[in-house]
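**Q** The structure that follows is given in the form of structure tokens.
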Amino acid sequence: MRQFRLFFGLVLCATLLPGCGESDDTRAQNAAPITEQDPLELLGARASTGAAAGYIDDAICATCHKEIYDSYQHVGMSQSFKRPENAIPVETFGIEYYHDASKRFYKIVENDQRLVFERYQRDANGDSINRIELPIDWVIGSGNKVRSYAYQTDWGEIFMLPLSWYADAGLWRMSPGFEHANHKGVSRKITRECLFCHNAYPEVAAGSDAFWETETFPSVLPEGTGCQRCHGPGADHVRTVVAGGSDIATIRSKVVNPAKLTGEHRDSVCFQCHMLPSATVVGARRIGRHDYSFRPGELLSNYLVHVEVSEEGTSRTDKFEINHHGYRLYQSECYQQSEGKLGCIDCHDPHVKPESADFRKTTSEVCLSCHAAAKALHEAAAGYDNDDCIVCHMPERRTSDVVEATMTDHRIARGPFQLQALLAPLEPRTRPVTGIDLLEFGDVPTGDAREYYRLSAIARANRYLETAHKGLKEHLNKNAYLSPTPYIDLVRTQLQIGDYANAEARLGKLLTSYPELHVGYTLLGTALLAQGKREQAITALKRSIEIQPDPEVWFNLALAYLHSGDTAGAEKAINAAIDLRPTMQQAWKYRGRLLIEKGDTASAVDAFKEALRLEPRDADAYRQLVDALRASGLVGEAERYLQHGLSVSSNPASLQGLR
């Protein structure tokens, strides 16, 4: 049936070509000068360029594969990243949620067909204080289990919001990682690594997805994982169809069918997003591989070097996180002993939303194809269901990193399990990391390279920095690279442990080889400023901004100007940082300080209030705001903020002197 639809598409597309159906004589008479035309233009389509070249609008796939395309729109992966107006509604909006740890109220409301995030506190009289409202630009997650929300700045940064919808319980609760009092508020940046698994590739400039490049995104993004993250860039496939004259084998060769792949090549398609052994320490991409460079059909281990983490009080076989589908399947004896024969798509049709009863029956048939004797062994067991192996051998469990959610544990195990205990509520907790090693999956690096990838993962996760620094330094003393990535890893550890002079020296060499490496000048400016070399730091930071503006670099430049006594330069730099990132809390606080020095107390009050809207726990911002309000004669307002700061700030003792 699928072959018929594809052939029909070929005929349909061929009728769009000029001269189709004319005789040879007529075509000769009507011949026009031959010009090169991309066959995609006949469908009103174009191929993407840049870092992820050769991709097309997924809707083009529906021309020949409509049934599959339509079915896929109901699968969670297709709904993984959406504009709010395009997301399938699953939430109940307008419900206020109070988070006791952070002493804040949260709410998402529908306002003029837009979603708006609200966060606020209540003062001693019960009135709203430190209120912030942000329009929601993106919905993250299908809503089948969890749905989170994000806003995007005009400059292109995307930030995750701290409130999420949990479908199992039908409740609003804190987003993963925001459960504790000192969470990041509205300043948790979403990176390319995050969106790598939550969306199709965006169209961005070649090289802009390198490890060291700024984490910004265009305002127009794909919505959902789409067809081509599993099948590869579709432009050449569609061009071949539209141009006509090629046989089915040629057409199919222009796109990847994961079902035709075997072993690690097949599983790499699924594992590119569903193999995440640890959410806290993520493996590094291979040197020279940019974020959007993976293509279906290649080995994932040639793109990404996975690590697995040991945590205090939990064995690796007991550790269970929300994105452990591939990791837990990989741990299964069934998977290991199948030697590449058992894969995700043996049970999962990625184009079809699984309906529980039917899905469990077909999955059980896969189990029984190898374990035929299990039926006879189990028939005597009470409650045995021949159509549901999953309930006992892949039970639903609560995840340790997203405690409001439960997921199917894909580690196929014998059991028996205490099923109710696996679903019991968990308290959010941080488990100390006790070990980080490479996961023995695929083509694992050997020799010195093996240790480099382990150390780079440690360094980027800000763990064991002394160990990472020593190991990276020794590694680079013995090995040279044509990529700046390993040297950036080393320099960042040097800055974090305070080895500023050696960081400066290393960056001097790096920038000789890469004179346009903006992050090199950013790091150099940091190293120079830490050593008191203010004028040199200003020069380095300005050079970084010339190559690539960045709010954090503007902020550091403002600090350099302040240390040099140049308040005018500092004010200009702070304003530039706020223009790029309006929710930079520290920038607003410094802006208030600079306005006080200018004598503009009224504007300073507004700046300090904005700083507290963004971070209501900042005791220093309360102190400066109270002083500014008193200087303005607003004694009652000053008392209101002082009492509130004493109640909710992270350091109320520092405010006692203002009483």
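Ligands are numbered from 1 in the order shown, chains are lettered A, B, ... in the order of the structure tokens, and residues start at 1 in each chain.
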For Val109 in chain A, work out the shell of residues within 9 Å, counting only C-alpha atoms and skipping chain neighbours fewer than 5 positions away, then give it as a tab-separated table (two decimals) with N, CA, C and O atoms, in the first residue's frame.

**A**
chain	number	residue	atom	x	y	z
A	93	PHE	N	-5.71	25.98	33.17
A	93	PHE	CA	-5.00	27.22	33.45
A	93	PHE	C	-5.70	28.04	34.52
A	93	PHE	O	-6.88	27.85	34.82
A	94	GLY	N	-4.94	28.98	35.10
A	94	GLY	CA	-5.49	29.93	36.05
A	94	GLY	C	-5.49	29.47	37.49
A	94	GLY	O	-6.00	30.18	38.36
A	95	ILE	N	-4.92	28.30	37.77
A	95	ILE	CA	-4.88	27.78	39.14
A	95	ILE	C	-3.62	28.29	39.84
A	95	ILE	O	-2.51	28.10	39.33
A	114	ARG	N	-3.24	34.33	24.55
A	114	ARG	CA	-1.83	34.10	24.84
A	114	ARG	C	-1.71	33.47	26.22
A	114	ARG	O	-2.55	33.69	27.09
A	115	LEU	N	-0.65	32.71	26.44
A	115	LEU	CA	-0.35	32.20	27.77
A	115	LEU	C	0.62	33.16	28.45
A	115	LEU	O	1.60	33.60	27.85
A	116	VAL	N	0.34	33.45	29.69
A	116	VAL	CA	1.17	34.37	30.47
A	116	VAL	C	1.56	33.69	31.78
A	116	VAL	O	0.70	33.14	32.50
A	117	PHE	N	2.85	33.73	32.09
A	117	PHE	CA	3.36	33.20	33.35
A	117	PHE	C	3.35	34.31	34.38
A	117	PHE	O	3.81	35.44	34.11
A	118	GLU	N	2.82	34.01	35.57
A	118	GLU	CA	2.80	34.97	36.66
A	118	GLU	C	3.49	34.35	37.88
A	118	GLU	O	3.30	33.17	38.19

**Q** Quick one: everything within 10 Å of Glu298 in chain A, counting only C-alpha atoms, minus sequence neighbours fewer than 3 positions away in the same chain. Send it as an mmCIF file with C-alpha atoms, in the first residue's frame.

**A**
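Contents of the output file selection16.cif:
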data_model
loop_
_atom_site.group_PDB
_atom_site.id
_atom_site.type_symbol
_atom_site.label_atom_id
_atom_site.label_comp_id
_atom_site.auth_asym_id
_atom_site.auth_seq_id
_atom_site.Cartn_x
_atom_site.Cartn_y
_atom_site.Cartn_z
ATOM 1 C CA LEU A 261 19.315 -0.541 9.791
ATOM 2 C CA GLU A 264 23.861 0.169 16.879
ATOM 3 C CA HIS A 265 23.098 1.997 13.622
ATOM 4 C CA ARG A 266 19.373 1.329 14.166
ATOM 5 C CA SER A 268 21.409 5.243 17.388
ATOM 6 C CA VAL A 269 18.361 6.808 15.753
ATOM 7 C CA PHE A 294 24.232 14.048 13.904
ATOM 8 C CA ARG A 295 22.428 12.318 11.047
ATOM 9 C CA SER A 301 28.971 6.928 19.549
ATOM 10 C CA ASN A 302 30.849 8.638 16.700
ATOM 11 C CA TYR A 303 28.980 11.828 17.577
#

**Q** Report the residues of range 46-266 of chain A whose backbone DSSP state falls under strand (DSSP E or B), written as a count of residues only.

**A** 53

**Q** When DSSP is applied to the backbone of this structure, which of range 177-266 of chain A are assigned alpha helix (DSSP H)? Write them out as a PDB file with all heavy atoms, in the first residue's frame.

**A**
ATOM      1  N   ARG A 192      21.307  24.477  23.290  1.00  0.00           N
ATOM      2  CA  ARG A 192      21.128  23.639  22.087  1.00  0.00           C
ATOM      3  C   ARG A 192      21.047  22.170  22.465  1.00  0.00           C
ATOM      4  O   ARG A 192      20.323  21.396  21.827  1.00  0.00           O
ATOM      5  CB  ARG A 192      22.284  23.886  21.108  1.00  0.00           C
ATOM      6  CG  ARG A 192      22.221  25.215  20.396  1.00  0.00           C
ATOM      7  CD  ARG A 192      23.306  25.316  19.338  1.00  0.00           C
ATOM      8  NE  ARG A 192      24.635  25.260  19.908  1.00  0.00           N
ATOM      9  CZ  ARG A 192      25.312  26.304  20.375  1.00  0.00           C
ATOM     10  NH1 ARG A 192      24.773  27.509  20.342  1.00  0.00           N
ATOM     11  NH2 ARG A 192      26.521  26.170  20.883  1.00  0.00           N
ATOM     12  N   GLU A 193      21.787  21.757  23.494  1.00  0.00           N
ATOM     13  CA  GLU A 193      21.705  20.369  23.941  1.00  0.00           C
ATOM     14  C   GLU A 193      20.288  20.028  24.402  1.00  0.00           C
ATOM     15  O   GLU A 193      19.810  18.918  24.174  1.00  0.00           O
ATOM     16  CB  GLU A 193      22.698  20.120  25.084  1.00  0.00           C
ATOM     17  CG  GLU A 193      24.121  19.893  24.622  1.00  0.00           C
ATOM     18  CD  GLU A 193      25.013  19.433  25.754  1.00  0.00           C
ATOM     19  OE1 GLU A 193      24.716  19.753  26.921  1.00  0.00           O
ATOM     20  OE2 GLU A 193      26.015  18.761  25.478  1.00  0.00           O
ATOM     21  N   CYS A 194      19.626  20.979  25.074  1.00  0.00           N
ATOM     22  CA  CYS A 194      18.236  20.743  25.502  1.00  0.00           C
ATOM     23  C   CYS A 194      17.332  20.531  24.292  1.00  0.00           C
ATOM     24  O   CYS A 194      16.582  19.560  24.211  1.00  0.00           O
ATOM     25  CB  CYS A 194      17.720  21.926  26.304  1.00  0.00           C
ATOM     26  SG  CYS A 194      18.608  22.282  27.833  1.00  0.00           S
ATOM     27  N   LEU A 195      17.404  21.475  23.353  1.00  0.00           N
ATOM     28  CA  LEU A 195      16.500  21.414  22.205  1.00  0.00           C
ATOM     29  C   LEU A 195      16.893  20.321  21.221  1.00  0.00           C
ATOM     30  O   LEU A 195      16.072  19.940  20.379  1.00  0.00           O
ATOM     31  CB  LEU A 195      16.453  22.767  21.497  1.00  0.00           C
ATOM     32  CG  LEU A 195      15.665  23.859  22.218  1.00  0.00           C
ATOM     33  CD1 LEU A 195      15.346  24.998  21.266  1.00  0.00           C
ATOM     34  CD2 LEU A 195      14.367  23.330  22.815  1.00  0.00           C
ATOM     35  N   PHE A 196      18.102  19.819  21.311  1.00  0.00           N
ATOM     36  CA  PHE A 196      18.506  18.712  20.445  1.00  0.00           C
ATOM     37  C   PHE A 196      17.509  17.559  20.555  1.00  0.00           C
ATOM     38  O   PHE A 196      17.188  16.909  19.555  1.00  0.00           O
ATOM     39  CB  PHE A 196      19.909  18.230  20.822  1.00  0.00           C
ATOM     40  CG  PHE A 196      20.386  17.045  20.020  1.00  0.00           C
ATOM     41  CD1 PHE A 196      21.019  17.230  18.805  1.00  0.00           C
ATOM     42  CD2 PHE A 196      20.201  15.746  20.473  1.00  0.00           C
ATOM     43  CE1 PHE A 196      21.456  16.141  18.055  1.00  0.00           C
ATOM     44  CE2 PHE A 196      20.632  14.657  19.740  1.00  0.00           C
ATOM     45  CZ  PHE A 196      21.263  14.864  18.516  1.00  0.00           C
ATOM     46  N   CYS A 197      17.017  17.316  21.761  1.00  0.00           N
ATOM     47  CA  CYS A 197      16.085  16.206  21.961  1.00  0.00           C
ATOM     48  C   CYS A 197      14.625  16.633  21.936  1.00  0.00           C
ATOM     49  O   CYS A 197      13.745  15.787  21.819  1.00  0.00           O
ATOM     50  CB  CYS A 197      16.374  15.504  23.287  1.00  0.00           C
ATOM     51  SG  CYS A 197      17.887  14.536  23.260  1.00  0.00           S
ATOM     52  N   HIS A 198      14.360  17.915  22.057  1.00  0.00           N
ATOM     53  CA  HIS A 198      12.966  18.356  22.139  1.00  0.00           C
ATOM     54  C   HIS A 198      12.443  18.926  20.834  1.00  0.00           C
ATOM     55  O   HIS A 198      11.264  19.292  20.758  1.00  0.00           O
ATOM     56  CB  HIS A 198      12.805  19.394  23.256  1.00  0.00           C
ATOM     57  CG  HIS A 198      12.598  18.782  24.606  1.00  0.00           C
ATOM     58  ND1 HIS A 198      11.384  18.306  25.025  1.00  0.00           N
ATOM     59  CD2 HIS A 198      13.454  18.546  25.620  1.00  0.00           C
ATOM     60  CE1 HIS A 198      11.496  17.807  26.242  1.00  0.00           C
ATOM     61  NE2 HIS A 198      12.744  17.940  26.633  1.00  0.00           N
ATOM     62  N   GLN A 228      12.235  14.161  10.028  1.00  0.00           N
ATOM     63  CA  GLN A 228      13.610  14.052   9.533  1.00  0.00           C
ATOM     64  C   GLN A 228      14.659  13.829  10.611  1.00  0.00           C
ATOM     65  O   GLN A 228      15.797  13.508  10.295  1.00  0.00           O
ATOM     66  CB  GLN A 228      13.942  15.292   8.702  1.00  0.00           C
ATOM     67  CG  GLN A 228      13.066  15.388   7.458  1.00  0.00           C
ATOM     68  CD  GLN A 228      13.073  16.766   6.840  1.00  0.00           C
ATOM     69  OE1 GLN A 228      13.889  17.072   5.975  1.00  0.00           O
ATOM     70  NE2 GLN A 228      12.161  17.622   7.300  1.00  0.00           N
ATOM     71  N   ARG A 229      14.283  13.975  11.876  1.00  0.00           N
ATOM     72  CA  ARG A 229      15.236  13.629  12.923  1.00  0.00           C
ATOM     73  C   ARG A 229      15.479  12.120  12.959  1.00  0.00           C
ATOM     74  O   ARG A 229      16.507  11.662  13.452  1.00  0.00           O
ATOM     75  CB  ARG A 229      14.730  14.111  14.288  1.00  0.00           C
ATOM     76  CG  ARG A 229      14.863  15.598  14.529  1.00  0.00           C
ATOM     77  CD  ARG A 229      16.320  16.080  14.417  1.00  0.00           C
ATOM     78  NE  ARG A 229      17.166  15.404  15.352  1.00  0.00           N
ATOM     79  CZ  ARG A 229      17.345  15.771  16.614  1.00  0.00           C
ATOM     80  NH1 ARG A 229      16.714  16.832  17.074  1.00  0.00           N
ATOM     81  NH2 ARG A 229      18.153  15.095  17.403  1.00  0.00           N
ATOM     82  N   CYS A 230      14.523  11.345  12.455  1.00  0.00           N
ATOM     83  CA  CYS A 230      14.695   9.891  12.381  1.00  0.00           C
ATOM     84  C   CYS A 230      15.059   9.411  10.983  1.00  0.00           C
ATOM     85  O   CYS A 230      15.719   8.382  10.836  1.00  0.00           O
ATOM     86  CB  CYS A 230      13.424   9.180  12.837  1.00  0.00           C
ATOM     87  SG  CYS A 230      13.004   9.448  14.569  1.00  0.00           S
ATOM     88  N   HIS A 231      14.631  10.155   9.963  1.00  0.00           N
ATOM     89  CA  HIS A 231      14.843   9.705   8.584  1.00  0.00           C
ATOM     90  C   HIS A 231      15.923  10.478   7.846  1.00  0.00           C
ATOM     91  O   HIS A 231      16.262  10.125   6.718  1.00  0.00           O
ATOM     92  CB  HIS A 231      13.521   9.792   7.809  1.00  0.00           C
ATOM     93  CG  HIS A 231      12.468   8.851   8.313  1.00  0.00           C
ATOM     94  ND1 HIS A 231      12.497   7.503   8.060  1.00  0.00           N
ATOM     95  CD2 HIS A 231      11.363   9.072   9.085  1.00  0.00           C
ATOM     96  CE1 HIS A 231      11.453   6.922   8.633  1.00  0.00           C
ATOM     97  NE2 HIS A 231      10.750   7.854   9.272  1.00  0.00           N
ATOM     98  N   ALA A 235      15.462  16.756   1.678  1.00  0.00           N
ATOM     99  CA  ALA A 235      15.427  17.541   0.443  1.00  0.00           C
ATOM    100  C   ALA A 235      15.783  16.706  -0.782  1.00  0.00           C
ATOM    101  O   ALA A 235      15.079  16.739  -1.800  1.00  0.00           O
ATOM    102  CB  ALA A 235      16.361  18.743   0.567  1.00  0.00           C
ATOM    103  N   ASP A 236      16.864  15.946  -0.725  1.00  0.00           N
ATOM    104  CA  ASP A 236      17.275  15.162  -1.896  1.00  0.00           C
ATOM    105  C   ASP A 236      16.269  14.063  -2.208  1.00  0.00           C
ATOM    106  O   ASP A 236      16.048  13.717  -3.382  1.00  0.00           O
ATOM    107  CB  ASP A 236      18.662  14.559  -1.665  1.00  0.00           C
ATOM    108  CG  ASP A 236      19.773  15.586  -1.846  1.00  0.00           C
ATOM    109  OD1 ASP A 236      19.493  16.664  -2.410  1.00  0.00           O
ATOM    110  OD2 ASP A 236      20.908  15.309  -1.409  1.00  0.00           O
ATOM    111  N   HIS A 237      15.667  13.502  -1.192  1.00  0.00           N
ATOM    112  CA  HIS A 237      14.637  12.487  -1.395  1.00  0.00           C
ATOM    113  C   HIS A 237      13.470  13.076  -2.192  1.00  0.00           C
ATOM    114  O   HIS A 237      13.010  12.497  -3.186  1.00  0.00           O
ATOM    115  CB  HIS A 237      14.165  11.994  -0.024  1.00  0.00           C
ATOM    116  CG  HIS A 237      13.005  11.053  -0.053  1.00  0.00           C
ATOM    117  ND1 HIS A 237      13.073   9.787  -0.575  1.00  0.00           N
ATOM    118  CD2 HIS A 237      11.723  11.209   0.399  1.00  0.00           C
ATOM    119  CE1 HIS A 237      11.898   9.186  -0.451  1.00  0.00           C
ATOM    120  NE2 HIS A 237      11.057  10.031   0.139  1.00  0.00           N
ATOM    121  N   VAL A 238      13.003  14.260  -1.791  1.00  0.00           N
ATOM    122  CA  VAL A 238      11.866  14.880  -2.469  1.00  0.00           C
ATOM    123  C   VAL A 238      12.277  15.365  -3.857  1.00  0.00           C
ATOM    124  O   VAL A 238      11.502  15.246  -4.822  1.00  0.00           O
ATOM    125  CB  VAL A 238      11.300  16.039  -1.614  1.00  0.00           C
ATOM    126  CG1 VAL A 238      10.198  16.776  -2.370  1.00  0.00           C
ATOM    127  CG2 VAL A 238      10.768  15.499  -0.291  1.00  0.00           C
ATOM    128  N   ARG A 239      13.488  15.897  -3.978  1.00  0.00           N
ATOM    129  CA  ARG A 239      13.966  16.321  -5.307  1.00  0.00           C
ATOM    130  C   ARG A 239      13.922  15.157  -6.294  1.00  0.00           C
ATOM    131  O   ARG A 239      13.513  15.293  -7.447  1.00  0.00           O
ATOM    132  CB  ARG A 239      15.402  16.843  -5.205  1.00  0.00           C
ATOM    133  CG  ARG A 239      15.545  18.228  -4.610  1.00  0.00           C
ATOM    134  CD  ARG A 239      16.979  18.707  -4.734  1.00  0.00           C
ATOM    135  NE  ARG A 239      17.160  20.013  -4.125  1.00  0.00           N
ATOM    136  CZ  ARG A 239      17.851  20.251  -3.012  1.00  0.00           C
ATOM    137  NH1 ARG A 239      18.427  19.230  -2.375  1.00  0.00           N
ATOM    138  NH2 ARG A 239      17.959  21.464  -2.535  1.00  0.00           N
ATOM    139  N   THR A 240      14.360  13.991  -5.824  1.00  0.00           N
ATOM    140  CA  THR A 240      14.393  12.816  -6.696  1.00  0.00           C
ATOM    141  C   THR A 240      12.987  12.416  -7.113  1.00  0.00           C
ATOM    142  O   THR A 240      12.741  12.045  -8.270  1.00  0.00           O
ATOM    143  CB  THR A 240      15.088  11.647  -5.969  1.00  0.00           C
ATOM    144  OG1 THR A 240      16.366  12.078  -5.502  1.00  0.00           O
ATOM    145  CG2 THR A 240      15.273  10.458  -6.894  1.00  0.00           C
ATOM    146  N   VAL A 241      12.042  12.509  -6.177  1.00  0.00           N
ATOM    147  CA  VAL A 241      10.656  12.174  -6.494  1.00  0.00           C
ATOM    148  C   VAL A 241      10.095  13.161  -7.505  1.00  0.00           C
ATOM    149  O   VAL A 241       9.493  12.784  -8.525  1.00  0.00           O
ATOM    150  CB  VAL A 241       9.794  12.168  -5.207  1.00  0.00           C
ATOM    151  CG1 VAL A 241       8.323  12.016  -5.561  1.00  0.00           C
ATOM    152  CG2 VAL A 241      10.229  11.047  -4.277  1.00  0.00           C
ATOM    153  N   VAL A 242      10.275  14.443  -7.240  1.00  0.00           N
ATOM    154  CA  VAL A 242       9.690  15.480  -8.095  1.00  0.00           C
ATOM    155  C   VAL A 242      10.293  15.445  -9.488  1.00  0.00           C
ATOM    156  O   VAL A 242       9.593  15.613 -10.496  1.00  0.00           O
ATOM    157  CB  VAL A 242       9.867  16.869  -7.452  1.00  0.00           C
ATOM    158  CG1 VAL A 242       9.372  17.960  -8.391  1.00  0.00           C
ATOM    159  CG2 VAL A 242       9.115  16.942  -6.130  1.00  0.00           C
ATOM    160  N   ALA A 243      11.601  15.209  -9.580  1.00  0.00           N
ATOM    161  CA  ALA A 243      12.272  15.203 -10.881  1.00  0.00           C
ATOM    162  C   ALA A 243      11.811  14.028 -11.734  1.00  0.00           C
ATOM    163  O   ALA A 243      11.837  14.093 -12.967  1.00  0.00           O
ATOM    164  CB  ALA A 243      13.782  15.158 -10.691  1.00  0.00           C
ATOM    165  N   ILE A 248      12.311   3.126  -7.621  1.00  0.00           N
ATOM    166  CA  ILE A 248      11.982   3.181  -6.200  1.00  0.00           C
ATOM    167  C   ILE A 248      13.227   3.029  -5.343  1.00  0.00           C
ATOM    168  O   ILE A 248      13.377   3.706  -4.323  1.00  0.00           O
ATOM    169  CB  ILE A 248      10.948   2.093  -5.851  1.00  0.00           C
ATOM    170  CG1 ILE A 248       9.618   2.381  -6.547  1.00  0.00           C
ATOM    171  CG2 ILE A 248      10.742   2.002  -4.345  1.00  0.00           C
ATOM    172  CD1 ILE A 248       8.954   3.660  -6.096  1.00  0.00           C
ATOM    173  N   ALA A 249      14.151   2.149  -5.731  1.00  0.00           N
ATOM    174  CA  ALA A 249      15.362   1.928  -4.934  1.00  0.00           C
ATOM    175  C   ALA A 249      16.179   3.205  -4.811  1.00  0.00           C
ATOM    176  O   ALA A 249      16.709   3.527  -3.739  1.00  0.00           O
ATOM    177  CB  ALA A 249      16.202   0.813  -5.552  1.00  0.00           C
ATOM    178  N   THR A 250      16.271   3.966  -5.906  1.00  0.00           N
ATOM    179  CA  THR A 250      17.029   5.220  -5.869  1.00  0.00           C
ATOM    180  C   THR A 250      16.342   6.229  -4.965  1.00  0.00           C
ATOM    181  O   THR A 250      16.988   6.921  -4.168  1.00  0.00           O
ATOM    182  CB  THR A 250      17.179   5.798  -7.285  1.00  0.00           C
ATOM    183  OG1 THR A 250      17.840   4.839  -8.109  1.00  0.00           O
ATOM    184  CG2 THR A 250      17.975   7.093  -7.257  1.00  0.00           C
ATOM    185  N   ILE A 251      15.033   6.314  -5.088  1.00  0.00           N
ATOM    186  CA  ILE A 251      14.273   7.248  -4.246  1.00  0.00           C
ATOM    187  C   ILE A 251      14.477   6.918  -2.771  1.00  0.00           C
ATOM    188  O   ILE A 251      14.747   7.797  -1.943  1.00  0.00           O
ATOM    189  CB  ILE A 251      12.785   7.201  -4.610  1.00  0.00           C
ATOM    190  CG1 ILE A 251      12.569   7.768  -6.018  1.00  0.00           C
ATOM    191  CG2 ILE A 251      11.940   7.943  -3.594  1.00  0.00           C
ATOM    192  CD1 ILE A 251      11.193   7.509  -6.576  1.00  0.00           C
ATOM    193  N   ARG A 252      14.368   5.649  -2.443  1.00  0.00           N
ATOM    194  CA  ARG A 252      14.509   5.253  -1.043  1.00  0.00           C
ATOM    195  C   ARG A 252      15.928   5.455  -0.527  1.00  0.00           C
ATOM    196  O   ARG A 252      16.132   5.678   0.672  1.00  0.00           O
ATOM    197  CB  ARG A 252      14.095   3.792  -0.883  1.00  0.00           C
ATOM    198  CG  ARG A 252      12.588   3.584  -1.028  1.00  0.00           C
ATOM    199  CD  ARG A 252      12.215   2.116  -0.968  1.00  0.00           C
ATOM    200  NE  ARG A 252      10.761   1.942  -0.957  1.00  0.00           N
ATOM    201  CZ  ARG A 252      10.153   0.780  -1.131  1.00  0.00           C
ATOM    202  NH1 ARG A 252      10.867  -0.320  -1.346  1.00  0.00           N
ATOM    203  NH2 ARG A 252       8.826   0.714  -1.105  1.00  0.00           N
ATOM    204  N   SER A 253      16.897   5.382  -1.397  1.00  0.00           N
ATOM    205  CA  SER A 253      18.283   5.546  -0.961  1.00  0.00           C
ATOM    206  C   SER A 253      18.591   6.967  -0.528  1.00  0.00           C
ATOM    207  O   SER A 253      19.613   7.220   0.108  1.00  0.00           O
ATOM    208  CB  SER A 253      19.237   5.143  -2.091  1.00  0.00           C
ATOM    209  OG  SER A 253      19.224   6.107  -3.144  1.00  0.00           O
ATOM    210  N   GLY A 263      21.436  -3.267  14.506  1.00  0.00           N
ATOM    211  CA  GLY A 263      22.307  -3.058  15.655  1.00  0.00           C
ATOM    212  C   GLY A 263      22.406  -1.617  16.096  1.00  0.00           C
ATOM    213  O   GLY A 263      21.414  -0.896  16.213  1.00  0.00           O
ATOM    214  N   GLU A 264      23.641  -1.172  16.344  1.00  0.00           N
ATOM    215  CA  GLU A 264      23.861   0.169  16.879  1.00  0.00           C
ATOM    216  C   GLU A 264      23.425   1.248  15.898  1.00  0.00           C
ATOM    217  O   GLU A 264      22.969   2.319  16.310  1.00  0.00           O
ATOM    218  CB  GLU A 264      25.338   0.354  17.248  1.00  0.00           C
ATOM    219  CG  GLU A 264      25.578   1.656  18.007  1.00  0.00           C
ATOM    220  CD  GLU A 264      27.048   2.001  18.160  1.00  0.00           C
ATOM    221  OE1 GLU A 264      27.908   1.131  17.934  1.00  0.00           O
ATOM    222  OE2 GLU A 264      27.336   3.173  18.482  1.00  0.00           O
ATOM    223  N   HIS A 265      23.556   1.004  14.593  1.00  0.00           N
ATOM    224  CA  HIS A 265      23.098   1.997  13.622  1.00  0.00           C
ATOM    225  C   HIS A 265      21.594   2.250  13.779  1.00  0.00           C
ATOM    226  O   HIS A 265      21.138   3.398  13.716  1.00  0.00           O
ATOM    227  CB  HIS A 265      23.394   1.527  12.195  1.00  0.00           C
ATOM    228  CG  HIS A 265      24.837   1.599  11.819  1.00  0.00           C
ATOM    229  ND1 HIS A 265      25.714   0.576  12.065  1.00  0.00           N
ATOM    230  CD2 HIS A 265      25.552   2.594  11.220  1.00  0.00           C
ATOM    231  CE1 HIS A 265      26.918   0.915  11.633  1.00  0.00           C
ATOM    232  NE2 HIS A 265      26.854   2.129  11.119  1.00  0.00           N
ATOM    233  N   ARG A 266      20.823   1.198  13.978  1.00  0.00           N
ATOM    234  CA  ARG A 266      19.373   1.329  14.166  1.00  0.00           C
ATOM    235  C   ARG A 266      19.065   2.010  15.491  1.00  0.00           C
ATOM    236  O   ARG A 266      18.297   2.980  15.550  1.00  0.00           O
ATOM    237  CB  ARG A 266      18.745  -0.063  14.131  1.00  0.00           C
ATOM    238  CG  ARG A 266      17.249  -0.110  14.438  1.00  0.00           C
ATOM    239  CD  ARG A 266      16.862  -1.515  14.892  1.00  0.00           C
ATOM    240  NE  ARG A 266      17.540  -1.895  16.113  1.00  0.00           N
ATOM    241  CZ  ARG A 266      18.075  -3.104  16.326  1.00  0.00           C
ATOM    242  NH1 ARG A 266      18.002  -4.057  15.412  1.00  0.00           N
ATOM    243  NH2 ARG A 266      18.691  -3.365  17.471  1.00  0.00           N
TER     244      ARG A 266
END

**Q** Counting only C-alpha atoms, what is within 9 Å of range 354-364 of chain A, bar same-chain residues fewer than 5 positions away, as an NGL selection string?

**A** :A and (75 or 346-349 or 369 or 386-391)

**Q** What does the distance between CA of Leu655 in chain A and CA of Ile578 in chain A come to in Å, to one decimal place?

**A**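 CA of Ile578 in chain A lies 27.1 Å from CA of Leu655 in chain A.
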
**Q** What separation in Å, quoted to one decimal, exists between CA of Arg431 in chain A and CA of Val281 in chain A?

**A** 12.5 Å

**Q** May I ask which of the residues A:Glu157, A:Glu311, A:Glu516, A:Glu339 is the closest one to Trp138 in chain A, counting only C-alpha atoms?

**A**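 When distances to Trp138 in chain A are compared using only C-alpha atoms, the smallest one comes from A:Glu157.
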
**Q** Would you kindly return, as a ChimeraX atom specification, each protein, DNA or RNA residue with an atom no farther than 10 Å from any atom of Asn130 in chain A, considering only C-alpha atoms and excluding same-chain residues fewer than 6 positions away?

**A** /A:104,119-123,609-616,641,644

**Q** Can you write out the residues you just picked, keeping C-alpha atoms, as a compact mmCIF listing (two decimals), in the first residue's frame?

**A**
# COMPACT_ATOMS: atom_id res chain seq x y z
CA ARG A 104 6.24 32.30 45.99
CA ARG A 119 4.91 34.75 39.80
CA TYR A 120 4.46 36.85 42.92
CA GLN A 121 4.62 36.96 46.68
CA ARG A 122 2.34 38.47 49.31
CA ASP A 123 3.43 41.07 51.83
CA LYS A 609 12.32 46.72 42.35
CA GLU A 610 12.91 45.01 38.99
CA ALA A 611 15.89 43.18 40.49
CA LEU A 612 13.65 41.88 43.29
CA ARG A 613 10.89 40.89 40.90
CA LEU A 614 13.46 38.73 39.16
CA GLU A 615 15.06 37.35 42.36
CA PRO A 616 12.96 37.89 45.51
CA TYR A 641 10.00 46.05 51.54
CA HIS A 644 9.15 41.49 53.40
